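Source file my_file.cif; content: mmCIF, C-alpha atoms.
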```cif
data_query
loop_
_atom_site.label_atom_id
_atom_site.label_comp_id
_atom_site.auth_asym_id
_atom_site.auth_seq_id
_atom_site.Cartn_x
_atom_site.Cartn_y
_atom_site.Cartn_z
CA MET W 1 86.95 83.75 89.97
CA PRO W 2 87.91 80.04 90.16
CA PRO W 3 90.02 79.33 93.28
CA SER W 4 92.74 77.82 91.07
CA VAL W 5 93.46 81.23 89.49
CA PRO W 6 96.45 82.86 91.22
CA ALA W 7 95.94 86.29 92.74
CA VAL W 8 99.29 87.34 91.25
CA SER W 9 101.19 85.48 88.56
CA VAL W 10 104.56 86.68 87.25
CA SER W 11 106.39 84.78 84.51
CA ASP W 12 109.94 85.52 83.27
CA LEU W 13 109.34 89.21 83.96
CA GLY W 14 111.92 91.70 82.76
CA VAL W 15 111.84 95.51 82.98
CA CYS W 16 114.35 98.02 81.62
CA LEU W 17 114.23 101.68 82.63
CA GLY W 18 116.53 104.22 81.04
CA GLY W 19 118.42 101.47 79.27
CA HIS W 20 119.13 99.71 82.57
CA ALA W 21 117.74 96.29 83.53
CA VAL W 22 115.79 96.89 86.75
CA LEU W 23 114.11 93.47 86.93
CA ASP W 24 115.23 90.27 85.23
CA ALA W 25 113.65 86.81 84.98
CA LEU W 26 111.13 87.06 87.84
CA THR W 27 108.79 84.08 88.14
CA PHE W 28 106.46 83.53 91.10
CA GLU W 29 102.82 83.12 92.08
CA ALA W 30 100.74 84.28 95.03
CA ALA W 31 97.51 82.43 95.76
CA PRO W 32 94.36 84.21 96.95
CA GLY W 33 94.77 84.99 100.64
CA ASP W 34 98.59 84.89 100.64
CA PHE W 35 100.72 87.49 102.45
CA VAL W 36 103.94 88.02 100.47
CA ALA W 37 106.77 90.25 101.70
CA ILE W 38 109.02 91.71 98.99
CA VAL W 39 112.51 92.26 100.40
CA GLY W 40 115.74 93.49 98.86
CA PRO W 41 118.34 96.26 98.78
CA ASN W 42 117.68 99.78 97.55
CA GLY W 43 117.52 99.76 93.76
CA GLY W 44 116.62 96.08 93.75
CA GLY W 45 113.41 96.60 91.78
CA LYS W 46 110.83 96.24 94.56
CA THR W 47 108.86 99.39 93.80
CA THR W 48 109.14 98.73 90.05
CA LEU W 49 107.47 95.36 90.57
CA VAL W 50 104.62 97.05 92.45
CA ARG W 51 104.24 99.54 89.61
CA VAL W 52 104.05 96.67 87.11
CA LEU W 53 101.26 95.07 89.14
CA LEU W 54 99.43 98.41 89.22
CA GLY W 55 99.64 98.65 85.43
CA LEU W 56 101.88 101.73 85.58
CA VAL W 57 104.96 100.06 84.05
CA THR W 58 104.85 97.77 81.00
CA PRO W 59 107.28 94.83 81.12
CA ASP W 60 109.89 94.53 78.39
CA ARG W 61 109.78 90.75 78.67
CA GLY W 62 107.51 88.14 80.19
CA ALA W 63 104.13 88.80 81.75
CA ALA W 64 102.31 89.70 84.95
CA HIS W 65 98.69 88.92 85.73
CA VAL W 66 96.36 89.90 88.58
CA PHE W 67 93.59 87.35 89.08
CA GLY W 68 94.20 86.05 85.57
CA ARG W 69 94.13 89.43 83.81
CA PRO W 70 96.75 92.00 82.82
CA PRO W 71 97.31 94.57 85.58
CA ALA W 72 94.73 97.39 85.69
CA ALA W 73 92.40 95.41 83.39
CA GLY W 74 90.23 94.03 86.20
CA GLU W 75 87.13 95.48 87.77
CA PRO W 76 87.43 98.82 89.62
CA GLY W 77 88.47 98.41 93.23
CA LEU W 78 90.17 95.05 92.64
CA VAL W 79 93.51 96.40 93.92
CA GLY W 80 94.19 98.70 96.87
CA TYR W 81 97.51 100.56 97.08
CA VAL W 82 99.44 102.26 99.88
CA PRO W 83 102.40 104.21 98.41
CA GLN W 84 105.69 104.85 100.17
CA ALA W 85 106.07 108.48 99.12
CA LYS W 86 102.95 110.51 99.90
CA ARG W 87 102.86 112.95 96.97
CA LEU W 88 100.24 115.10 98.57
CA ASP W 89 100.01 118.85 99.08
CA ARG W 90 99.53 118.91 102.84
CA THR W 91 98.33 122.53 102.60
CA PHE W 92 95.32 121.55 100.49
CA PRO W 93 92.22 122.35 102.59
CA ALA W 94 90.96 118.78 102.95
CA ARG W 95 90.22 116.41 105.81
CA ALA W 96 91.34 112.84 106.39
CA LEU W 97 87.85 111.64 105.45
CA ASP W 98 88.13 113.43 102.10
CA LEU W 99 91.35 111.57 101.31
CA VAL W 100 89.70 108.21 102.04
CA LEU W 101 86.75 109.21 99.85
CA THR W 102 89.07 109.68 96.86
CA ALA W 103 89.24 105.86 96.69
CA LEU W 104 85.54 105.87 95.82
CA HIS W 105 85.60 108.90 93.50
CA GLN W 106 89.11 108.78 92.00
CA ARG W 107 89.13 112.55 92.57
CA TRP W 108 88.54 114.96 95.44
CA PRO W 109 85.04 114.02 96.61
CA PHE W 110 83.03 117.22 96.37
CA GLY W 111 79.41 116.29 96.98
CA ALA W 112 80.01 112.74 98.23
CA SER W 113 76.85 110.88 99.16
CA MET W 114 75.98 109.88 102.73
CA THR W 115 76.41 106.22 101.73
CA GLU W 116 79.94 106.92 100.49
CA LYS W 117 80.79 108.86 103.65
CA LYS W 118 79.62 105.95 105.80
CA GLN W 119 81.73 103.57 103.71
CA ALA W 120 84.80 105.78 104.17
CA LEU W 121 84.15 106.09 107.91
CA ARG W 122 83.94 102.30 108.21
CA ALA W 123 87.33 102.02 106.50
CA LEU W 124 88.81 104.55 108.92
CA ASP W 125 87.28 102.69 111.84
CA ARG W 126 88.92 99.44 110.70
CA VAL W 127 92.36 101.02 111.04
CA GLY W 128 91.55 102.82 114.30
CA GLY W 129 91.45 106.14 112.47
CA GLN W 130 87.85 107.28 112.86
CA PRO W 131 88.85 110.04 115.35
CA LEU W 132 90.97 111.49 112.51
CA ALA W 133 88.05 111.84 110.09
CA ASP W 134 87.55 115.60 110.43
CA ARG W 135 91.20 116.47 111.02
CA PRO W 136 92.82 118.66 108.33
CA LEU W 137 95.54 116.79 106.46
CA ASN W 138 98.18 119.33 107.47
CA THR W 139 97.65 118.47 111.15
CA LEU W 140 98.33 114.73 110.76
CA SER W 141 101.59 113.13 111.83
CA GLY W 142 103.39 110.77 109.46
CA GLY W 143 101.97 107.75 111.25
CA GLU W 144 98.44 109.19 111.23
CA LEU W 145 98.67 109.96 107.52
CA GLN W 146 99.87 106.42 106.85
CA ARG W 147 96.84 105.09 108.76
CA VAL W 148 94.54 107.23 106.59
CA TYR W 149 96.20 105.93 103.41
CA LEU W 150 95.67 102.37 104.65
CA ALA W 151 91.99 103.15 105.22
CA ARG W 152 91.86 104.57 101.69
CA SER W 153 93.26 101.31 100.30
CA LEU W 154 90.61 99.29 102.18
CA ALA W 155 87.62 101.50 101.35
CA ARG W 156 86.56 99.50 98.29
CA ALA W 157 87.24 96.10 99.90
CA PRO W 158 89.95 95.15 97.36
CA ARG W 159 90.96 91.54 96.79
CA LEU W 160 94.65 92.50 96.48
CA ILE W 161 96.48 95.11 98.57
CA LEU W 162 99.89 96.40 97.45
CA LEU W 163 101.92 98.25 100.08
CA ASP W 164 105.25 100.00 99.57
CA GLU W 165 107.08 100.32 102.91
CA PRO W 166 103.83 100.86 104.89
CA ALA W 167 105.55 101.10 108.28
CA THR W 168 107.71 104.08 107.29
CA GLY W 169 107.27 106.89 109.81
CA ILE W 170 105.29 104.72 112.24
CA ASP W 171 106.49 103.78 115.71
CA VAL W 172 106.66 100.18 116.93
CA ALA W 173 103.14 100.21 118.40
CA GLY W 174 101.72 101.75 115.21
CA ALA W 175 103.45 99.14 113.06
CA ALA W 176 102.03 96.35 115.22
CA ASP W 177 98.53 97.83 114.75
CA LEU W 178 99.08 98.03 110.99
CA TYR W 179 100.08 94.37 110.71
CA GLU W 180 97.11 93.38 112.87
CA VAL W 181 94.74 95.24 110.50
CA LEU W 182 96.30 93.57 107.46
CA GLU W 183 96.19 90.09 108.95
CA THR W 184 92.58 90.54 110.07
CA ASP W 185 91.60 91.60 106.55
CA GLN W 186 93.55 88.66 105.15
CA GLU W 187 91.75 86.24 107.46
CA GLN W 188 88.22 87.65 107.18
CA ARG W 189 88.10 88.42 103.45
CA ASN W 190 90.85 86.16 102.07
CA THR W 191 92.66 89.30 100.88
CA THR W 192 95.99 88.84 99.12
CA ILE W 193 98.72 91.17 100.42
CA LEU W 194 102.02 92.06 98.74
CA MET W 195 104.17 94.27 100.94
CA VAL W 196 107.51 95.87 100.13
CA THR W 197 109.55 96.14 103.31
CA HIS W 198 113.11 96.63 104.53
CA ASP W 199 112.13 95.07 107.85
CA TRP W 200 113.36 91.47 107.73
CA ASN W 201 111.83 90.84 111.14
CA ALA W 202 108.35 91.87 109.90
CA ALA W 203 108.79 89.73 106.79
CA TYR W 204 109.82 86.73 108.86
CA HIS W 205 106.97 86.94 111.37
CA HIS W 206 104.05 88.20 109.25
CA ALA W 207 104.48 86.90 105.69
CA ASP W 208 103.46 83.51 104.33
CA ASP W 209 106.12 83.82 101.62
CA VAL W 210 109.07 86.12 100.95
CA LEU W 211 110.26 87.32 97.54
CA LEU W 212 113.92 88.33 97.82
CA LEU W 213 115.02 90.63 95.00
CA ASP W 214 118.22 92.20 93.82
CA GLY W 215 117.17 93.08 90.29
CA ARG W 216 116.74 89.36 89.84
CA GLN W 217 114.97 86.78 91.95
CA VAL W 218 117.32 85.58 94.67
CA GLY W 219 114.64 83.49 96.36
CA PHE W 220 110.92 82.93 96.78
CA GLY W 221 109.27 80.76 99.41
CA ARG W 222 108.66 80.40 103.11
CA PRO W 223 110.48 83.03 105.24
CA GLU W 224 112.67 80.43 106.93
CA GLU W 225 113.72 79.12 103.51
CA VAL W 226 114.49 82.50 101.94
CA LEU W 227 115.76 84.67 104.81
CA THR W 228 118.89 82.59 105.27
CA ASP W 229 122.48 83.74 105.65
CA ASP W 230 123.37 82.58 102.14
CA CYS W 231 120.38 84.25 100.42
CA LEU W 232 120.70 87.51 102.34
CA ARG W 233 124.42 87.69 101.67
CA GLU W 234 123.74 87.11 97.96
CA ALA W 235 121.14 89.91 97.87
CA PHE W 236 122.67 92.44 100.27
CA GLY W 237 126.32 91.46 100.46
CA HIS W 238 125.94 90.84 104.21
CA THR W 239 123.49 89.30 106.67
CA GLY W 240 123.36 92.13 109.20
CA HIS W 241 122.28 92.30 112.82
CA ALA W 242 118.57 92.21 111.99
CA HIS W 243 118.89 88.75 110.50
CA ALA W 244 120.78 87.45 113.51
CA MET W 245 118.04 88.87 115.75
CA LEU W 246 115.11 87.33 113.89
CA MET W 247 116.80 83.95 113.66
CA GLY W 248 117.61 84.10 117.36
CA GLU W 249 113.98 84.84 118.19
CA ALA W 250 112.90 81.86 116.15
CA GLY W 251 115.45 79.61 117.84
CA LEU W 252 117.30 79.02 114.59
CA SER W 253 120.64 80.65 115.31
#
```
Please express the file's structure as structure tokens.
Amino acid sequence: MPPSVPAVSVSDLGVCLGGHAVLDALTFEAAPGDFVAIVGPNGGGKTTLVRVLLGLVTPDRGAAHVFGRPPAAGEPGLVGYVPQAKRLDRTFPARALDLVLTALHQRWPFGASMTEKKQALRALDRVGGQPLADRPLNTLSGGELQRVYLARSLARAPRLILLDEPATGIDVAGAADLYEVLETDQEQRNTTILMVTHDWNAAYHHADDVLLLDGRQVGFGRPEEVLTDDCLREAFGHTGHAHAMLMGEAGLS
């Protein structure tokens, strides 16, 4: 893929669901290797945008491309995904390793090869989750399950990782580990990362660019340019204590 081709390109994107405009006039690009945080209020269209980039929602207007192609039209394994809601029957008799292996099989991996098992174990090891490999899913905490889902998203070495609130249910130390894994992958493999988050502090300190949404595009650019009082008030109706904290840490208050 030529380096000039954006990892993600969105042009005048509009989506209506149930007769209601969820996204309107989104236009932005993420270059290969960028870390983009998607921030906005509940109902602002963040998860819908992720679903468009996964090829699960068809835009009503405009276009979205992933490495120059329509979403879901690229080679298998191009995109890794960590969902917010884990729609998983925790009583199903499977291990953490089995869940990671579903990234390679697209189904429960009965009869997985030794090569595939080693690949899944390497992905677990990258997120510090190898000790969880043989643990039944119903014994995992929320943070442990999130770690396993992250390993699943990395198992096929994707060029784009989409994450929907990945730090949900994880303590501060676990969240720090998660961001370290993502940034290491970004640095070593030039992975592009798009992460939906409510954590303005994480967006400010970890993202190269921030996309601020409230159904429409309030701002896109460097965190210090987008996470301003004016932009946050426009999107959320207030700036909140979190914004004051992150600006204070950066010496910008």
**Report entry** Chain and number of each residue from the PyMOL selection byres ((chain W and resi 151-164) around 7), as a PyMOL selection string
**Finding:** chain W and resi 47+50+77-84+100+103-104+119-120+123-124+127+147-150+165-166+191-197
Could you please take those selected residues and save C-alpha atoms as a short mmCIF file (atom, residue, chain, number, x, y, z; two decimals), in the coordinates of the input?
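Result saved to out.cif:
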```cif
data_model
loop_
_atom_site.label_atom_id
_atom_site.label_comp_id
_atom_site.auth_asym_id
_atom_site.auth_seq_id
_atom_site.Cartn_x
_atom_site.Cartn_y
_atom_site.Cartn_z
CA THR W 47 108.86 99.39 93.80
CA VAL W 50 104.62 97.05 92.45
CA GLY W 77 88.47 98.41 93.23
CA LEU W 78 90.17 95.05 92.64
CA VAL W 79 93.51 96.40 93.92
CA GLY W 80 94.19 98.70 96.87
CA TYR W 81 97.51 100.56 97.08
CA VAL W 82 99.44 102.26 99.88
CA PRO W 83 102.40 104.21 98.41
CA GLN W 84 105.69 104.85 100.17
CA VAL W 100 89.70 108.21 102.04
CA ALA W 103 89.24 105.86 96.69
CA LEU W 104 85.54 105.87 95.82
CA GLN W 119 81.73 103.57 103.71
CA ALA W 120 84.80 105.78 104.17
CA ALA W 123 87.33 102.02 106.50
CA LEU W 124 88.81 104.55 108.92
CA VAL W 127 92.36 101.02 111.04
CA ARG W 147 96.84 105.09 108.76
CA VAL W 148 94.54 107.23 106.59
CA TYR W 149 96.20 105.93 103.41
CA LEU W 150 95.67 102.37 104.65
CA GLU W 165 107.08 100.32 102.91
CA PRO W 166 103.83 100.86 104.89
CA THR W 191 92.66 89.30 100.88
CA THR W 192 95.99 88.84 99.12
CA ILE W 193 98.72 91.17 100.42
CA LEU W 194 102.02 92.06 98.74
CA MET W 195 104.17 94.27 100.94
CA VAL W 196 107.51 95.87 100.13
CA THR W 197 109.55 96.14 103.31
#
```
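For the structure shown here, the set of residues caught by the PyMOL selection byres ((chain W and resi 215) around 9) is Ala21, Val22, Leu23, Asp24, Ala25, Leu26, Gly40, Gly43, Gly44, Gly45, Lys46, Leu213, Asp214, Arg216, Gln217 and Val218 of chain W.
Applied to the file shown here, the PyMOL selection byres ((chain W and resi 136) around 7) selects Pro93, Ala94, Arg95, Ala96, Asp134, Arg135, Leu137, Asn138 and Thr139 of chain W.
Across the model, the gap from atom CA of W:Leu178 to atom CA of W:Leu145 is 12.4 Å.
Excluding stretch 61-75 of chain W and any residue on its chain fewer than 6 positions from it, the residues at most 6 Å away by only C-alpha atoms are W:Pro6, W:Ala7, W:Val8, W:Ser9, W:Val10, W:Ser11, W:Asp12, W:Leu13, W:Gly14, W:Leu53, W:Leu54, W:Gly55.
We find atom CA of W:His238 and atom CA of W:Pro41 to be spaced 10.8 Å apart.
When atom CA of W:Leu132 is paired with atom CA of W:Pro76, their separation reads 26.4 Å.
With all atoms listed in the file as the atoms that count, the residue of W:Gly33, W:Pro59, W:Thr48, W:Gly18 with the shortest distance to W:Asp185 is W:Gly33.
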Report task. Find the residues near stretch 219-228 of chain W: any atom within 9 Å, counting all atoms listed in the file, skip ones fewer than 4 places away on the same chain, and give them as a PyMOL selection string. Result -> chain W and resi 27-28+37+200+203-205+207-213+232-233+239+243+247
Centre and edges of the stretch 233-237 of chain W box, axis-aligned, 6 Å extra per side, as JSON:
```
{"center_x": 123.7, "center_y": 89.8, "center_z": 99.8, "size_x": 17.2, "size_y": 17.3, "size_z": 15.8}
```
Report summary line: Using only C-alpha atoms, the best pick from W:Leu49, W:Gly143, W:Val172, W:Val39 as closest to W:Asp199 would be W:Val39
Missing atoms of stretch 92-121 of chain W rebuilt to N, CA and C atoms, written as a PDB file, in the coordinates of the input:
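Output (out_10.pdb):
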```pdb
ATOM      1  N   PHE W  92      96.625 121.564 101.124  1.00  0.00           N
ATOM      2  CA  PHE W  92      95.320 121.550 100.490  1.00  0.00           C
ATOM      3  C   PHE W  92      94.246 121.460 101.571  1.00  0.00           C
ATOM      4  N   PRO W  93      93.208 122.302 101.513  1.00  0.00           N
ATOM      5  CA  PRO W  93      92.220 122.350 102.590  1.00  0.00           C
ATOM      6  C   PRO W  93      91.261 121.169 102.550  1.00  0.00           C
ATOM      7  N   ALA W  94      91.759 119.993 102.956  1.00  0.00           N
ATOM      8  CA  ALA W  94      90.960 118.780 102.950  1.00  0.00           C
ATOM      9  C   ALA W  94      91.138 118.044 104.263  1.00  0.00           C
ATOM     10  N   ARG W  95      90.180 117.198 104.579  1.00  0.00           N
ATOM     11  CA  ARG W  95      90.220 116.410 105.810  1.00  0.00           C
ATOM     12  C   ARG W  95      90.663 114.983 105.502  1.00  0.00           C
ATOM     13  N   ALA W  96      90.975 114.248 106.556  1.00  0.00           N
ATOM     14  CA  ALA W  96      91.340 112.840 106.390  1.00  0.00           C
ATOM     15  C   ALA W  96      90.221 112.073 105.701  1.00  0.00           C
ATOM     16  N   LEU W  97      88.979 112.334 106.070  1.00  0.00           N
ATOM     17  CA  LEU W  97      87.850 111.640 105.450  1.00  0.00           C
ATOM     18  C   LEU W  97      87.810 111.893 103.948  1.00  0.00           C
ATOM     19  N   ASP W  98      88.130 113.112 103.528  1.00  0.00           N
ATOM     20  CA  ASP W  98      88.130 113.430 102.100  1.00  0.00           C
ATOM     21  C   ASP W  98      89.148 112.585 101.345  1.00  0.00           C
ATOM     22  N   LEU W  99      90.321 112.372 101.960  1.00  0.00           N
ATOM     23  CA  LEU W  99      91.350 111.570 101.310  1.00  0.00           C
ATOM     24  C   LEU W  99      90.881 110.128 101.139  1.00  0.00           C
ATOM     25  N   VAL W 100      90.226 109.571 102.151  1.00  0.00           N
ATOM     26  CA  VAL W 100      89.700 108.210 102.040  1.00  0.00           C
ATOM     27  C   VAL W 100      88.633 108.146 100.946  1.00  0.00           C
ATOM     28  N   LEU W 101      87.816 109.176 100.845  1.00  0.00           N
ATOM     29  CA  LEU W 101      86.750 109.210  99.850  1.00  0.00           C
ATOM     30  C   LEU W 101      87.281 109.231  98.417  1.00  0.00           C
ATOM     31  N   THR W 102      88.517 109.675  98.215  1.00  0.00           N
ATOM     32  CA  THR W 102      89.070 109.680  96.860  1.00  0.00           C
ATOM     33  C   THR W 102      89.191 108.262  96.304  1.00  0.00           C
ATOM     34  N   ALA W 103      89.221 107.247  97.170  1.00  0.00           N
ATOM     35  CA  ALA W 103      89.240 105.860  96.690  1.00  0.00           C
ATOM     36  C   ALA W 103      87.932 105.505  96.003  1.00  0.00           C
ATOM     37  N   LEU W 104      86.856 106.160  96.393  1.00  0.00           N
ATOM     38  CA  LEU W 104      85.540 105.870  95.820  1.00  0.00           C
ATOM     39  C   LEU W 104      85.233 106.752  94.624  1.00  0.00           C
ATOM     40  N   HIS W 105      85.882 107.939  94.562  1.00  0.00           N
ATOM     41  CA  HIS W 105      85.600 108.900  93.500  1.00  0.00           C
ATOM     42  C   HIS W 105      86.713 109.010  92.466  1.00  0.00           C
ATOM     43  N   GLN W 106      87.931 108.580  92.839  1.00  0.00           N
ATOM     44  CA  GLN W 106      89.110 108.780  92.000  1.00  0.00           C
ATOM     45  C   GLN W 106      89.390 110.264  91.756  1.00  0.00           C
ATOM     46  N   ARG W 107      88.885 111.105  92.618  1.00  0.00           N
ATOM     47  CA  ARG W 107      89.130 112.550  92.570  1.00  0.00           C
ATOM     48  C   ARG W 107      88.710 113.101  93.933  1.00  0.00           C
ATOM     49  N   TRP W 108      88.975 114.383  94.170  1.00  0.00           N
ATOM     50  CA  TRP W 108      88.540 114.960  95.440  1.00  0.00           C
ATOM     51  C   TRP W 108      87.009 114.950  95.487  1.00  0.00           C
ATOM     52  N   PRO W 109      86.454 114.413  96.577  1.00  0.00           N
ATOM     53  CA  PRO W 109      85.040 114.020  96.610  1.00  0.00           C
ATOM     54  C   PRO W 109      84.083 115.156  96.967  1.00  0.00           C
ATOM     55  N   PHE W 110      84.000 116.157  96.128  1.00  0.00           N
ATOM     56  CA  PHE W 110      83.030 117.220  96.370  1.00  0.00           C
ATOM     57  C   PHE W 110      81.624 116.651  96.131  1.00  0.00           C
ATOM     58  N   GLY W 111      80.768 116.790  97.124  1.00  0.00           N
ATOM     59  CA  GLY W 111      79.410 116.290  96.980  1.00  0.00           C
ATOM     60  C   GLY W 111      79.271 114.799  97.158  1.00  0.00           C
ATOM     61  N   ALA W 112      80.116 114.171  97.977  1.00  0.00           N
ATOM     62  CA  ALA W 112      80.010 112.740  98.230  1.00  0.00           C
ATOM     63  C   ALA W 112      78.681 112.433  98.910  1.00  0.00           C
ATOM     64  N   SER W 113      78.125 111.274  98.586  1.00  0.00           N
ATOM     65  CA  SER W 113      76.850 110.880  99.160  1.00  0.00           C
ATOM     66  C   SER W 113      77.026 110.421 100.602  1.00  0.00           C
ATOM     67  N   MET W 114      75.923 110.362 101.355  1.00  0.00           N
ATOM     68  CA  MET W 114      75.980 109.880 102.730  1.00  0.00           C
ATOM     69  C   MET W 114      76.423 108.424 102.778  1.00  0.00           C
ATOM     70  N   THR W 115      75.996 107.622 101.787  1.00  0.00           N
ATOM     71  CA  THR W 115      76.410 106.220 101.730  1.00  0.00           C
ATOM     72  C   THR W 115      77.926 106.105 101.577  1.00  0.00           C
ATOM     73  N   GLU W 116      78.496 106.941 100.701  1.00  0.00           N
ATOM     74  CA  GLU W 116      79.940 106.920 100.490  1.00  0.00           C
ATOM     75  C   GLU W 116      80.688 107.389 101.750  1.00  0.00           C
ATOM     76  N   LYS W 117      80.157 108.385 102.425  1.00  0.00           N
ATOM     77  CA  LYS W 117      80.790 108.860 103.650  1.00  0.00           C
ATOM     78  C   LYS W 117      80.793 107.775 104.716  1.00  0.00           C
ATOM     79  N   LYS W 118      79.688 107.037 104.825  1.00  0.00           N
ATOM     80  CA  LYS W 118      79.620 105.950 105.800  1.00  0.00           C
ATOM     81  C   LYS W 118      80.613 104.849 105.444  1.00  0.00           C
ATOM     82  N   GLN W 119      80.766 104.579 104.154  1.00  0.00           N
ATOM     83  CA  GLN W 119      81.730 103.570 103.710  1.00  0.00           C
ATOM     84  C   GLN W 119      83.155 103.993 104.051  1.00  0.00           C
ATOM     85  N   ALA W 120      83.464 105.265 103.842  1.00  0.00           N
ATOM     86  CA  ALA W 120      84.800 105.780 104.170  1.00  0.00           C
ATOM     87  C   ALA W 120      85.039 105.768 105.672  1.00  0.00           C
ATOM     88  N   LEU W 121      84.019 106.101 106.451  1.00  0.00           N
ATOM     89  CA  LEU W 121      84.150 106.090 107.910  1.00  0.00           C
ATOM     90  C   LEU W 121      84.369 104.664 108.422  1.00  0.00           C
TER      91      LEU W 121
END
```
